[in-house]
$ cat structure-v5.txt   # compact mmCIF, C-alpha atoms
# COMPACT_ATOMS: atom_id res chain seq x y z
CA MET A 15 114.40 56.06 104.33
CA LYS A 16 111.00 56.92 102.93
CA PHE A 17 110.64 56.13 99.26
CA VAL A 18 109.50 59.12 97.24
CA ASP A 19 107.15 58.22 94.41
CA TYR A 20 107.93 60.74 91.69
CA TYR A 21 105.34 59.29 89.33
CA ARG A 22 102.58 59.77 91.90
CA ILE A 23 103.73 63.34 92.61
CA MET A 24 103.60 64.14 88.91
CA GLY A 25 100.30 62.31 88.48
CA VAL A 26 101.58 60.24 85.55
CA GLU A 27 101.86 56.54 84.79
CA GLU A 28 105.18 54.78 85.03
CA SER A 29 104.97 54.34 81.28
CA ALA A 30 104.49 58.06 80.59
CA SER A 31 106.40 59.53 77.67
CA ALA A 32 108.87 62.39 78.05
CA ASP A 33 106.26 64.72 76.54
CA GLU A 34 103.61 63.63 79.01
CA ILE A 35 106.01 64.20 81.88
CA ARG A 36 106.92 67.64 80.63
CA ARG A 37 103.26 68.56 80.21
CA ALA A 38 102.45 67.33 83.71
CA TYR A 39 105.35 69.31 85.13
CA ARG A 40 104.40 72.53 83.38
CA LYS A 41 100.82 72.22 84.61
CA LEU A 42 101.79 71.48 88.22
CA ALA A 43 104.56 74.09 88.25
CA ARG A 44 102.09 76.77 87.18
CA LYS A 45 99.61 75.56 89.77
CA TYR A 46 102.01 75.51 92.69
CA HIS A 47 104.57 78.17 91.83
CA PRO A 48 104.95 80.33 94.96
CA ASP A 49 104.77 83.50 92.85
CA VAL A 50 101.51 82.42 91.28
CA SER A 51 99.72 80.11 93.69
CA LYS A 52 97.46 81.05 96.55
CA GLU A 53 97.46 77.49 97.95
CA THR A 54 98.80 77.29 101.50
CA ASP A 55 101.18 74.40 100.85
CA ALA A 56 102.25 75.73 97.44
CA GLU A 57 105.93 76.08 98.25
CA GLU A 58 106.23 72.54 99.58
CA ARG A 59 104.28 71.03 96.69
CA PHE A 60 106.32 73.04 94.22
CA LYS A 61 109.56 71.66 95.65
CA GLU A 62 108.25 68.10 95.37
CA VAL A 63 107.21 68.63 91.79
CA GLY A 64 110.56 70.24 90.93
CA GLU A 65 112.44 67.32 92.42
CA ALA A 66 110.27 64.77 90.63
CA TYR A 67 110.81 66.53 87.31
CA GLU A 68 114.54 66.81 87.89
CA VAL A 69 114.66 63.01 87.92
CA LEU A 70 111.98 62.05 85.40
CA LYS A 71 113.02 64.50 82.67
CA ASP A 72 116.51 63.02 82.50
CA PRO A 73 116.39 59.59 80.79
CA GLU A 74 119.50 58.42 82.63
CA LYS A 75 118.26 59.45 86.06
CA ARG A 76 114.82 58.11 85.28
CA ALA A 77 116.24 54.70 84.36
CA GLU A 78 118.19 54.61 87.62
CA TYR A 79 115.13 55.62 89.54
CA ASP A 80 112.99 52.95 87.84
CA THR A 81 115.54 50.32 88.81
CA LEU A 82 115.46 51.49 92.40
CA ARG A 83 111.67 51.51 92.60
CA ARG A 84 111.93 47.72 92.86
CA TYR A 85 113.72 48.02 96.19
CA ARG A 86 110.93 49.75 98.08
CA ASP A 87 108.83 47.66 100.45
CA GLN A 88 105.06 47.62 100.98
CA ALA A 89 105.25 50.22 103.75
CA GLY A 90 106.86 52.70 101.40
CA ASN A 91 110.29 52.37 102.98
CA PHE A 92 113.37 51.98 100.95
CA GLN A 93 116.95 50.82 101.25
CA PRO A 94 119.26 51.27 98.26
CA PRO A 95 121.15 48.11 97.23
CA PRO A 96 124.68 47.89 98.63
CA ASP A 97 126.44 48.36 95.32
CA TRP A 98 124.35 51.41 94.39
CA GLU A 99 126.95 54.03 95.17
CA ARG A 100 129.23 52.99 92.30
CA GLN A 101 126.42 52.73 89.80
CA GLY A 102 125.18 56.14 90.62
CA ALA A 103 128.56 57.78 90.91
CA ARG A 104 127.60 60.82 88.97
CA GLY A 105 127.76 63.41 91.71
CA ALA A 106 126.05 66.65 91.15
CA GLY A 107 124.54 67.02 87.75
CA GLY A 108 125.67 69.60 85.29
CA HIS A 109 122.22 70.80 84.34
CA ALA A 110 123.09 72.44 81.08
CA GLN A 111 119.63 73.84 80.67
CA TRP A 112 119.82 75.93 83.83
CA GLU A 113 123.47 76.74 83.93
CA ASP A 114 122.43 80.38 83.87
CA PHE A 115 121.46 80.00 87.48
CA GLN A 116 124.05 80.00 90.19
CA GLY A 117 122.29 77.32 92.22
CA ASN A 118 118.62 77.75 92.87
CA GLY A 119 118.70 77.43 96.65
CA GLN A 120 115.97 74.81 96.68
CA GLY A 121 117.02 71.83 98.72
CA PHE A 122 116.06 68.40 97.48
CA SER A 123 114.96 65.57 99.75
CA ASP A 124 117.38 63.21 101.51
CA PHE A 125 115.96 60.54 99.24
CA PHE A 126 117.06 62.46 96.17
CA GLU A 127 120.47 63.23 97.55
CA SER A 128 121.14 59.63 98.55
CA LEU A 129 120.39 58.61 94.96
CA PHE A 130 121.88 61.35 92.87
CA GLY A 131 124.25 63.12 95.16
CA ARG A 132 124.23 66.58 96.59
CA ARG A 133 124.14 69.34 94.08
CA SER A 134 127.29 71.29 94.58
CA ALA A 135 127.59 75.02 94.25
CA PRO A 136 129.17 76.13 91.01
CA GLY A 137 132.92 76.10 91.28
CA ARG A 138 134.85 79.30 91.76
CA GLY A 139 138.34 79.72 90.46
CA ASP A 140 141.33 80.21 92.67
CA PHE A 141 141.09 83.96 92.92
CA SER A 142 140.02 86.59 95.37
CA ALA A 143 136.65 88.19 94.80
CA ARG A 144 134.09 90.26 96.61
CA GLY A 145 131.17 88.21 97.98
CA GLY A 146 127.75 88.53 96.43
CA ASP A 147 125.03 90.89 97.62
CA ALA A 148 122.16 89.20 99.39
CA HIS A 149 118.49 90.12 99.49
CA HIS A 150 115.86 89.59 102.16
CA VAL A 151 112.28 90.83 102.58
CA LEU A 152 111.67 92.56 105.92
CA PRO A 153 108.00 92.82 106.94
CA LEU A 154 107.25 95.83 109.14
CA THR A 155 104.11 97.07 110.83
CA LEU A 156 103.02 100.60 110.05
CA GLU A 157 103.85 101.59 113.62
CA GLU A 158 107.41 100.27 113.20
CA ALA A 159 107.82 102.13 109.92
CA TYR A 160 106.52 105.32 111.54
CA ALA A 161 108.67 105.19 114.64
CA GLY A 162 111.82 103.66 113.15
CA GLY A 163 114.22 102.14 115.68
CA THR A 164 115.83 98.79 116.26
CA ARG A 165 114.35 95.68 114.81
CA ARG A 166 115.70 92.17 115.37
CA PHE A 167 115.20 89.32 112.97
CA SER A 168 116.96 86.14 112.01
CA LEU A 169 117.88 84.92 108.58
CA GLU A 170 119.90 82.21 106.97
CA ARG A 171 122.83 83.37 104.93
CA LEU A 172 126.19 82.16 103.75
CA GLU A 173 129.18 82.71 105.96
CA ALA A 174 132.79 81.70 105.53
CA GLY A 175 133.29 78.26 107.10
CA PRO A 176 136.49 77.01 108.76
CA ASP A 177 137.92 75.98 105.38
CA GLY A 178 137.00 79.27 103.78
CA ARG A 179 134.09 77.81 101.83
CA PRO A 180 130.70 79.45 102.36
CA VAL A 181 128.32 77.55 104.62
CA PRO A 182 124.72 78.51 105.44
CA ARG A 183 124.25 79.76 108.99
CA ARG A 184 121.20 81.12 110.78
CA SER A 185 122.02 84.35 112.52
CA GLU A 186 120.27 87.09 114.44
CA ILE A 187 120.57 90.58 113.09
CA SER A 188 119.61 93.82 114.78
CA VAL A 189 119.04 96.63 112.39
CA THR A 190 118.32 100.29 112.98
CA ILE A 191 115.45 101.30 110.74
CA PRO A 192 115.14 104.94 109.73
CA ARG A 193 111.77 106.64 110.31
CA GLY A 194 109.22 106.65 107.53
CA VAL A 195 110.29 103.76 105.32
CA VAL A 196 107.69 102.51 102.82
CA SER A 197 107.07 99.30 100.88
CA GLY A 198 109.56 98.65 98.09
CA GLN A 199 112.37 100.69 99.66
CA HIS A 200 115.63 98.90 100.35
CA LEU A 201 118.02 99.15 103.26
CA ARG A 202 121.66 98.36 102.66
CA LEU A 203 123.69 96.62 105.35
CA ALA A 204 127.28 96.95 104.24
CA GLY A 205 129.36 93.77 104.51
CA ARG A 206 126.42 91.58 105.60
CA GLY A 207 125.95 89.75 102.31
CA SER A 208 127.77 86.60 101.21
CA PRO A 209 131.39 86.23 102.29
CA GLY A 210 134.15 87.07 99.83
CA PHE A 211 136.42 84.49 98.25
CA GLY A 212 140.12 84.18 98.85
CA GLY A 213 140.14 87.08 101.29
CA GLY A 214 137.89 89.33 99.23
CA PRO A 215 135.42 91.56 101.09
CA ALA A 216 131.87 90.39 101.85
CA GLY A 217 128.95 91.65 99.78
CA ASP A 218 126.11 93.77 101.11
CA LEU A 219 122.76 92.65 102.46
CA PHE A 220 119.73 94.41 101.00
CA LEU A 221 116.55 94.42 103.01
CA GLU A 222 113.38 95.10 101.07
CA ILE A 223 110.74 96.80 103.20
CA GLU A 224 107.25 95.34 103.08
CA LEU A 225 104.56 97.03 105.15
CA VAL A 226 102.05 94.51 106.48
CA PRO A 227 98.36 95.47 106.18
CA HIS A 228 97.10 97.62 109.07
CA PRO A 229 93.62 97.06 110.57
CA ARG A 230 92.78 100.79 110.54
CA PHE A 231 94.94 102.61 108.02
CA THR A 232 95.49 101.96 104.36
CA VAL A 233 98.76 103.19 102.89
CA GLU A 234 99.54 104.77 99.55
CA GLY A 235 103.14 105.97 99.38
CA ARG A 236 103.52 107.95 102.61
CA ASP A 237 99.83 108.90 102.79
CA LEU A 238 97.43 107.13 105.13
CA THR A 239 93.65 106.87 104.90
CA MET A 240 91.18 105.91 107.62
CA VAL A 241 87.41 105.94 108.11
CA LEU A 242 86.20 108.19 110.97
CA PRO A 243 82.76 107.63 112.53
CA VAL A 244 80.85 110.89 113.22
CA ALA A 245 77.40 111.73 114.63
CA PRO A 246 74.82 113.30 112.28
CA TRP A 247 74.91 116.59 114.23
CA GLU A 248 78.70 116.73 114.01
CA LEU A 249 78.37 116.56 110.24
CA ALA A 250 75.54 119.11 110.15
CA LEU A 251 76.85 121.65 112.63
CA GLY A 252 80.58 121.11 112.32
CA ALA A 253 82.70 119.91 115.22
CA SER A 254 86.17 119.50 116.57
CA VAL A 255 86.80 115.77 116.98
CA ASP A 256 89.66 113.58 118.16
CA VAL A 257 91.29 111.48 115.43
CA PRO A 258 93.85 108.72 116.00
CA THR A 259 97.11 109.15 114.10
CA LEU A 260 100.31 107.13 114.26
CA GLY A 261 101.79 109.96 116.35
CA GLY A 262 98.85 110.01 118.81
CA PRO A 263 95.40 111.64 118.73
CA VAL A 264 94.96 115.07 117.11
CA LYS A 265 91.97 117.44 116.79
CA LEU A 266 90.24 117.60 113.44
CA ALA A 267 87.86 120.42 112.50
CA VAL A 268 84.84 118.95 110.72
CA PRO A 269 83.24 121.79 108.71
CA ALA A 270 79.51 122.52 109.00
CA ASN A 271 77.35 120.77 106.38
CA ALA A 272 80.04 118.18 105.70
CA ARG A 273 78.98 115.23 103.55
CA PRO A 274 79.23 111.58 104.53
CA GLY A 275 82.16 110.09 102.63
CA GLN A 276 83.87 113.49 102.49
CA LYS A 277 87.66 113.22 102.72
CA LEU A 278 89.50 115.61 105.03
CA ARG A 279 93.26 116.00 105.18
CA LEU A 280 95.53 116.14 108.21
CA LYS A 281 98.62 117.60 106.63
CA GLY A 282 101.92 115.96 107.54
CA ARG A 283 100.29 113.32 109.77
CA GLY A 284 101.18 110.39 107.51
CA LEU A 285 104.53 108.61 107.44
CA PRO A 286 107.48 110.90 108.16
CA GLY A 287 109.77 111.89 105.29
CA LYS A 288 110.76 114.74 103.05
CA PRO A 289 108.03 115.67 102.51
CA ALA A 290 106.03 113.85 105.18
CA GLY A 291 102.85 112.11 104.07
CA ASP A 292 99.32 113.24 104.94
CA GLN A 293 96.56 111.42 106.76
CA TYR A 294 93.19 111.38 105.02
CA VAL A 295 90.03 110.97 107.06
CA VAL A 296 86.87 109.70 105.38
CA LEU A 297 83.76 110.80 107.30
CA GLN A 298 81.24 108.09 108.06
CA VAL A 299 77.88 108.94 109.69
CA VAL A 300 76.79 106.64 112.46
CA MET A 301 73.12 106.91 113.42
CA PRO A 302 72.24 106.97 117.11
CA LYS A 303 69.54 104.54 118.28
CA VAL A 304 66.24 106.15 119.28
CA LEU A 305 65.77 104.94 122.83
CA SER A 306 63.39 107.33 124.60
CA ASP A 307 60.30 109.41 123.85
CA ALA A 308 62.46 112.53 124.04
CA ASP A 309 64.77 111.05 121.35
CA ARG A 310 61.76 110.26 119.20
CA GLN A 311 60.42 113.79 119.57
CA LEU A 312 63.72 115.19 118.31
CA PHE A 313 63.52 113.19 115.10
CA GLU A 314 59.82 113.98 114.72
CA GLN A 315 60.69 117.65 114.96
CA MET A 316 63.40 117.24 112.29
CA ARG A 317 60.95 115.47 110.00
CA ARG A 318 58.39 118.28 110.36
CA GLN A 319 60.82 121.11 110.07
CA MET A 320 63.31 119.99 107.43
CA ASP A 321 62.29 119.94 103.82
CA PHE A 322 64.37 116.91 102.93
CA ASP A 323 63.75 113.98 100.61
CA PRO A 324 66.83 111.77 100.13
CA ARG A 325 65.07 109.95 97.21
CA GLU A 326 64.22 113.06 95.27
CA GLN A 327 66.52 112.06 92.39
CA LEU A 328 65.38 108.44 92.36
CA VAL A 329 61.63 108.88 92.08
CA ALA A 330 61.22 111.93 89.93
CA MET B 14 125.85 90.00 124.96
CA THR B 15 128.81 90.64 122.74
CA ARG B 16 127.18 88.60 119.98
CA ASP B 17 124.38 91.20 119.78
CA ASP B 18 126.81 94.09 119.71
CA HIS B 19 128.61 92.40 116.88
CA ASP B 20 125.39 91.88 114.96
CA ARG B 21 123.87 95.31 115.37
CA ASP B 22 123.88 97.11 112.05
CA THR B 23 122.98 100.58 111.04
CA ALA B 24 121.08 100.35 107.84
CA GLU B 25 121.55 102.85 105.12
CA LEU B 26 118.49 103.68 103.06
CA VAL B 27 119.15 103.03 99.39
CA ASP B 28 118.78 106.31 97.59
CA GLU B 29 116.13 105.83 94.93
CA SER B 30 117.99 108.09 92.51
CA ALA B 31 121.19 106.04 93.01
CA GLY B 32 119.30 102.74 92.64
CA PHE B 33 121.07 99.45 91.98
CA SER B 34 123.90 98.69 89.59
CA PHE B 35 123.83 95.79 87.13
CA THR B 36 126.39 93.84 89.18
CA GLN B 37 124.36 94.31 92.34
CA LEU B 38 121.23 93.13 90.57
CA CYS B 39 123.02 89.99 89.30
CA ASP B 40 124.25 89.25 92.84
CA ILE B 41 120.86 89.75 94.38
CA CYS B 42 119.11 87.56 91.81
CA GLN B 43 121.95 85.00 91.85
CA VAL B 44 122.01 84.65 88.10
CA ARG B 45 124.58 85.13 85.38
CA PRO B 46 124.79 88.63 83.88
CA GLU B 47 123.92 87.31 80.39
CA MET B 48 120.41 86.43 81.47
CA LEU B 49 119.62 89.76 83.10
CA ALA B 50 121.15 91.61 80.16
CA ARG B 51 118.84 89.63 77.89
CA MET B 52 115.88 90.59 80.07
CA VAL B 53 116.77 94.25 79.69
CA ALA B 54 117.23 93.84 75.93
CA GLU B 55 113.87 92.08 75.61
CA GLY B 56 112.08 94.76 77.65
CA VAL B 57 111.32 92.50 80.62
CA LEU B 58 113.27 94.79 82.96
CA HIS B 59 113.75 98.51 82.72
CA ALA B 60 117.15 100.14 83.24
CA ARG B 61 118.16 103.79 83.14
CA GLY B 62 121.42 104.63 81.39
CA GLU B 63 123.23 103.25 78.35
CA GLY B 64 125.09 99.93 78.52
CA PRO B 65 125.41 97.41 81.38
CA SER B 66 128.19 99.28 83.18
CA ARG B 67 126.02 102.41 83.43
CA TRP B 68 122.66 100.73 83.95
CA ILE B 69 120.75 101.83 87.04
CA PHE B 70 117.79 99.84 88.32
CA ALA B 71 115.04 101.22 90.56
CA SER B 72 114.26 99.46 93.86
CA THR B 73 110.98 98.17 92.45
CA THR B 74 112.87 96.57 89.57
CA VAL B 75 114.78 94.41 92.05
CA THR B 76 111.54 92.80 93.18
CA ARG B 77 110.48 92.32 89.57
CA ALA B 78 113.86 90.90 88.55
CA ARG B 79 113.88 88.35 91.37
CA ARG B 80 110.44 87.20 90.40
CA ALA B 81 111.42 87.12 86.72
CA CYS B 82 114.38 84.84 87.47
CA ARG B 83 112.25 82.47 89.54
CA LEU B 84 109.59 82.25 86.84
CA ARG B 85 112.12 81.70 84.09
CA ARG B 86 113.87 78.98 86.02
CA ASP B 87 110.79 77.19 87.31
CA LEU B 88 108.24 77.61 84.53
CA GLU B 89 110.65 77.83 81.60
CA LEU B 90 108.86 80.92 80.28
CA ASP B 91 110.23 82.66 77.22
CA TYR B 92 110.99 86.38 77.48
CA GLY B 93 107.78 87.56 75.87
CA GLY B 94 105.68 85.37 78.14
CA LEU B 95 107.77 86.45 81.10
CA ALA B 96 107.09 90.14 80.51
CA LEU B 97 103.38 89.47 80.12
CA ALA B 98 103.23 87.29 83.25
CA LEU B 99 105.08 89.92 85.32
CA ASP B 100 102.85 92.75 84.11
CA LEU B 101 99.73 90.76 84.93
CA MET B 102 101.08 89.73 88.34
CA GLU B 103 101.94 93.33 89.19
CA GLU B 104 98.45 94.37 88.15
CA ARG B 105 97.04 91.57 90.29
CA ASP B 106 99.14 92.74 93.26
CA ARG B 107 97.91 96.30 92.79
CA LEU B 108 94.28 95.17 92.63
CA GLN B 109 94.74 93.02 95.71
CA ARG B 110 96.10 96.00 97.63
CA GLU B 111 93.19 98.11 96.47
CA LEU B 112 90.71 95.37 97.38
CA ARG B 113 92.21 95.08 100.84
CA SER B 114 92.01 98.83 101.31
CA LEU B 115 88.38 98.93 100.13
CA ARG B 116 87.48 96.01 102.40
CA ILE B 117 88.87 97.88 105.40
CA ARG B 118 86.72 100.87 104.50
CA LEU B 119 83.69 98.70 103.89
CA ARG B 120 84.12 97.05 107.26
CA ALA B 121 84.28 100.46 108.90
CA LEU B 122 81.12 101.52 107.04
CA ALA B 123 79.20 98.40 107.99
CA ALA B 124 80.17 98.56 111.67
CA ASP B 125 77.82 100.34 114.04
$ encode --input "structure-v5.txt" --output "structure tokens"
Amino acid sequence: MKFVDYYRIMGVEESASADEIRRAYRKLARKYHPDVSKETDAEERFKEVGEAYEVLKDPEKRAEYDTLRRYRDQAGNFQPPPDWERQGARGAGGHAQWEDFQGNGQGFSDFFESLFGRRSAPGRGDFSARGGDAHHVLPLTLEEAYAGGTRRFSLERLEAGPDGRPVPRRSEISVTIPRGVVSGQHLRLAGRGSPGFGGGPAGDLFLEIELVPHPRFTVEGRDLTMVLPVAPWELALGASVDVPTLGGPVKLAVPANARPGQKLRLKGRGLPGKPAGDQYVVLQVVMPKVLSDADRQLFEQMRRQMDFDPREQLVA
Amino acid sequence: MTRDDHDRDTAELVDESAGFSFTQLCDICQVRPEMLARMVAEGVLHARGEGPSRWIFASTTVTRARRACRLRRDLELDYGGLALALDLMEERDRLQRELRSLRIRLRALAAD
């Protein structure tokens, strides 16, 4: 078994005081907390730090750990002494400080569990009860949210084992998604949460919708916004142009003398719903390249004919 | 495959006006009711209705509550600090969404 150096993880000396350890933990926890951190390996680092603190903050566990540090070899491998089991017969800790939490779901390393035992789930009395509701984030593309339909995904959840106790099991779920769901909405899957106890019914599974960023559209509620490239003459003269929408291309009437950056609305072309969202189109002029003498003459003619100075306001 | 048939579920959209009950929120966050009740009392979480048995939580509160529980457990924040951290993180999330949206537009503007 690989020896896990909790002091190194925490960045403290072996002689560090309880205060120093707590300070180091707070600092690292803030740095690597998955809700706060942008580091790629944040979750893994956070788990390590949490495990290290779990041991070093508890004088009893720390003393046991310090004793065991002597049994690691140069290569960082480790074999607990044969009589260790009885010494460390403490089982799962009653962590008074966090008894508010019904198990935090974060697994500790094999190293930790061989030393301090597996942390058991809080005991339930001998009664029948409905299972808990479970929660899971379901990322969807905008296209999936628009079209609705069946979506398959897998998740780990508790199921009733052979002895009736809940055991984690990875399972595939197919879910029918209604059209026009948006970020933050929840879907309820009745009876798909944690199993009940003593014959009680299972809880529900709640799926929180999270729309993943789309390369073309930005989303606000059910409304979509996109940038549409147009030619200068389309802006000047007005035009009927094809615009992509989630439901396929539609014609958009660009009014004459439209401004670049002007926002036009395609009513009801956003995400479906009651009411359906709109699609906003931001006009963006794209200049054609002057390639021939004839092209050049056209611009020359515009310059002569049009009384236009775009810097009028700047250089008064 | 029969396994698939067994696992196919029809999801029911949670009605925003119905929201989530206090018990449901406790289940989802996997914490004892006392802690969530304290969070409501301290203004960390917002509930409609009077008293835990009538409390209704909006969908967005579920996300906030889950985060609140993680932060309280892992960073040992007090309730005042928790509310501040959550508000700032939500503001950060909003700004990040806006930044992403502006970047998409900027990319479209810069492209020929």
$ atom_distance --input "structure-v5.txt" --atom1 "atom CA of B:Arg120" --atom2 "atom CA of A:Leu285"
23.5 Å
$ residues_near_point --input "structure-v5.txt" --point "(112.7, 104.9, 93.2)" --cutoff "12 Å" --atoms "only C-alpha atoms" --output "list in words"
Val196, Ser197, Gly198, Gln199, His200 and Gly235 of chain A; Leu26, Val27, Asp28, Glu29, Ser30, Ala31, Gly32, Phe33, Ala60, Arg61, Ile69, Phe70, Ala71, Ser72, Thr73, Thr74 and Val75 of chain B
$ interface_residues --input "structure-v5.txt" --of "chain B" --to "chain A" --cutoff "8 Å" --atoms "all atoms listed in the file" --output "number ranges by chain"
B: 17, 20-27, 29, 37, 40-41, 43-45, 47-48, 72-73, 76, 80, 84, 86-88, 102, 114, 117-118, 121-122, 125
$ atom_distance --input "structure-v5.txt" --atom1 "atom CA of A:Ala66" --atom2 "atom CA of B:Arg83"
17.8 Å
$ axis_aligned_box --input "structure-v5.txt" --around "stretch 180-197 of chain A" --padding-each-side "5 Å" --output "lines of an AutoDock Vina configuration file"
center_x = 118.9
center_y = 92.1
center_z = 107.8
size_x = 33.6
size_y = 39.1
size_z = 23.9
$ closest_residue --input "structure-v5.txt" --among "B:Pro65, B:Ala81, B:Ser34, B:Glu55" --to "B:Asp100" --atoms "all atoms listed in the file"
B:Ala81
$ atom_distance --input "structure-v5.txt" --atom1 "atom CA of A:Phe92" --atom2 "atom CA of A:Tyr46"
27.4 Å
$ build_atoms --input "structure-v5.txt" --residues "stretch 51-75 of chain B" --atoms "N, CA and C atoms" --output "mmCIF file, keeping the file's coordinate frame"
data_model
loop_
_atom_site.group_PDB
_atom_site.id
_atom_site.type_symbol
_atom_site.label_atom_id
_atom_site.label_comp_id
_atom_site.auth_asym_id
_atom_site.auth_seq_id
_atom_site.Cartn_x
_atom_site.Cartn_y
_atom_site.Cartn_z
ATOM 1 N N ARG B 51 119.841 90.028 78.871
ATOM 2 C CA ARG B 51 118.840 89.630 77.890
ATOM 3 C C ARG B 51 117.467 90.162 78.290
ATOM 4 N N MET B 52 117.170 90.102 79.588
ATOM 5 C CA MET B 52 115.880 90.590 80.070
ATOM 6 C C MET B 52 115.723 92.088 79.832
ATOM 7 N N VAL B 53 116.827 92.812 79.970
ATOM 8 C CA VAL B 53 116.770 94.250 79.690
ATOM 9 C C VAL B 53 116.561 94.461 78.193
ATOM 10 N N ALA B 54 117.318 93.701 77.389
ATOM 11 C CA ALA B 54 117.230 93.840 75.930
ATOM 12 C C ALA B 54 115.830 93.498 75.426
ATOM 13 N N GLU B 55 115.186 92.533 76.062
ATOM 14 C CA GLU B 55 113.870 92.080 75.610
ATOM 15 C C GLU B 55 112.740 92.905 76.238
ATOM 16 N N GLY B 56 113.112 93.900 77.060
ATOM 17 C CA GLY B 56 112.080 94.760 77.650
ATOM 18 C C GLY B 56 111.368 94.166 78.855
ATOM 19 N N VAL B 57 111.925 93.076 79.414
ATOM 20 C CA VAL B 57 111.320 92.500 80.620
ATOM 21 C C VAL B 57 111.620 93.394 81.823
ATOM 22 N N LEU B 58 112.845 93.909 81.863
ATOM 23 C CA LEU B 58 113.270 94.790 82.960
ATOM 24 C C LEU B 58 113.661 96.147 82.391
ATOM 25 N N HIS B 59 113.411 97.167 83.186
ATOM 26 C CA HIS B 59 113.750 98.510 82.720
ATOM 27 C C HIS B 59 115.001 99.026 83.437
ATOM 28 N N ALA B 60 115.947 99.548 82.660
ATOM 29 C CA ALA B 60 117.150 100.140 83.240
ATOM 30 C C ALA B 60 117.295 101.568 82.730
ATOM 31 N N ARG B 61 117.790 102.448 83.602
ATOM 32 C CA ARG B 61 118.160 103.790 83.140
ATOM 33 C C ARG B 61 119.622 103.735 82.730
ATOM 34 N N GLY B 62 120.016 104.568 81.786
ATOM 35 C CA GLY B 62 121.420 104.630 81.390
ATOM 36 C C GLY B 62 121.722 103.723 80.210
ATOM 37 N N GLU B 63 122.842 104.007 79.546
ATOM 38 C CA GLU B 63 123.230 103.250 78.350
ATOM 39 C C GLU B 63 124.315 102.233 78.683
ATOM 40 N N GLY B 64 124.070 100.961 78.361
ATOM 41 C CA GLY B 64 125.090 99.930 78.520
ATOM 42 C C GLY B 64 125.161 99.401 79.947
ATOM 43 N N PRO B 65 125.428 98.077 80.074
ATOM 44 C CA PRO B 65 125.410 97.410 81.380
ATOM 45 C C PRO B 65 126.210 98.137 82.464
ATOM 46 N N SER B 66 127.374 98.680 82.125
ATOM 47 C CA SER B 66 128.190 99.280 83.180
ATOM 48 C C SER B 66 127.560 100.563 83.722
ATOM 49 N N ARG B 67 126.662 101.175 82.952
ATOM 50 C CA ARG B 67 126.020 102.410 83.430
ATOM 51 C C ARG B 67 124.560 102.194 83.825
ATOM 52 N N TRP B 68 124.069 100.974 83.634
ATOM 53 C CA TRP B 68 122.660 100.730 83.950
ATOM 54 C C TRP B 68 122.377 100.988 85.421
ATOM 55 N N ILE B 69 121.221 101.616 85.675
ATOM 56 C CA ILE B 69 120.750 101.830 87.040
ATOM 57 C C ILE B 69 119.331 101.263 87.117
ATOM 58 N N PHE B 70 119.106 100.459 88.157
ATOM 59 C CA PHE B 70 117.790 99.840 88.320
ATOM 60 C C PHE B 70 117.102 100.417 89.558
ATOM 61 N N ALA B 71 115.817 100.719 89.427
ATOM 62 C CA ALA B 71 115.040 101.220 90.560
ATOM 63 C C ALA B 71 114.797 100.083 91.555
ATOM 64 N N SER B 72 114.538 100.455 92.803
ATOM 65 C CA SER B 72 114.260 99.460 93.860
ATOM 66 C C SER B 72 113.161 98.497 93.431
ATOM 67 N N THR B 73 112.110 99.026 92.829
ATOM 68 C CA THR B 73 110.980 98.170 92.450
ATOM 69 C C THR B 73 111.391 97.154 91.391
ATOM 70 N N THR B 74 112.407 97.497 90.597
ATOM 71 C CA THR B 74 112.870 96.570 89.570
ATOM 72 C C THR B 74 113.550 95.352 90.193
ATOM 73 N N VAL B 75 114.134 95.537 91.386
ATOM 74 C CA VAL B 75 114.780 94.410 92.050
ATOM 75 C C VAL B 75 113.750 93.327 92.348
#
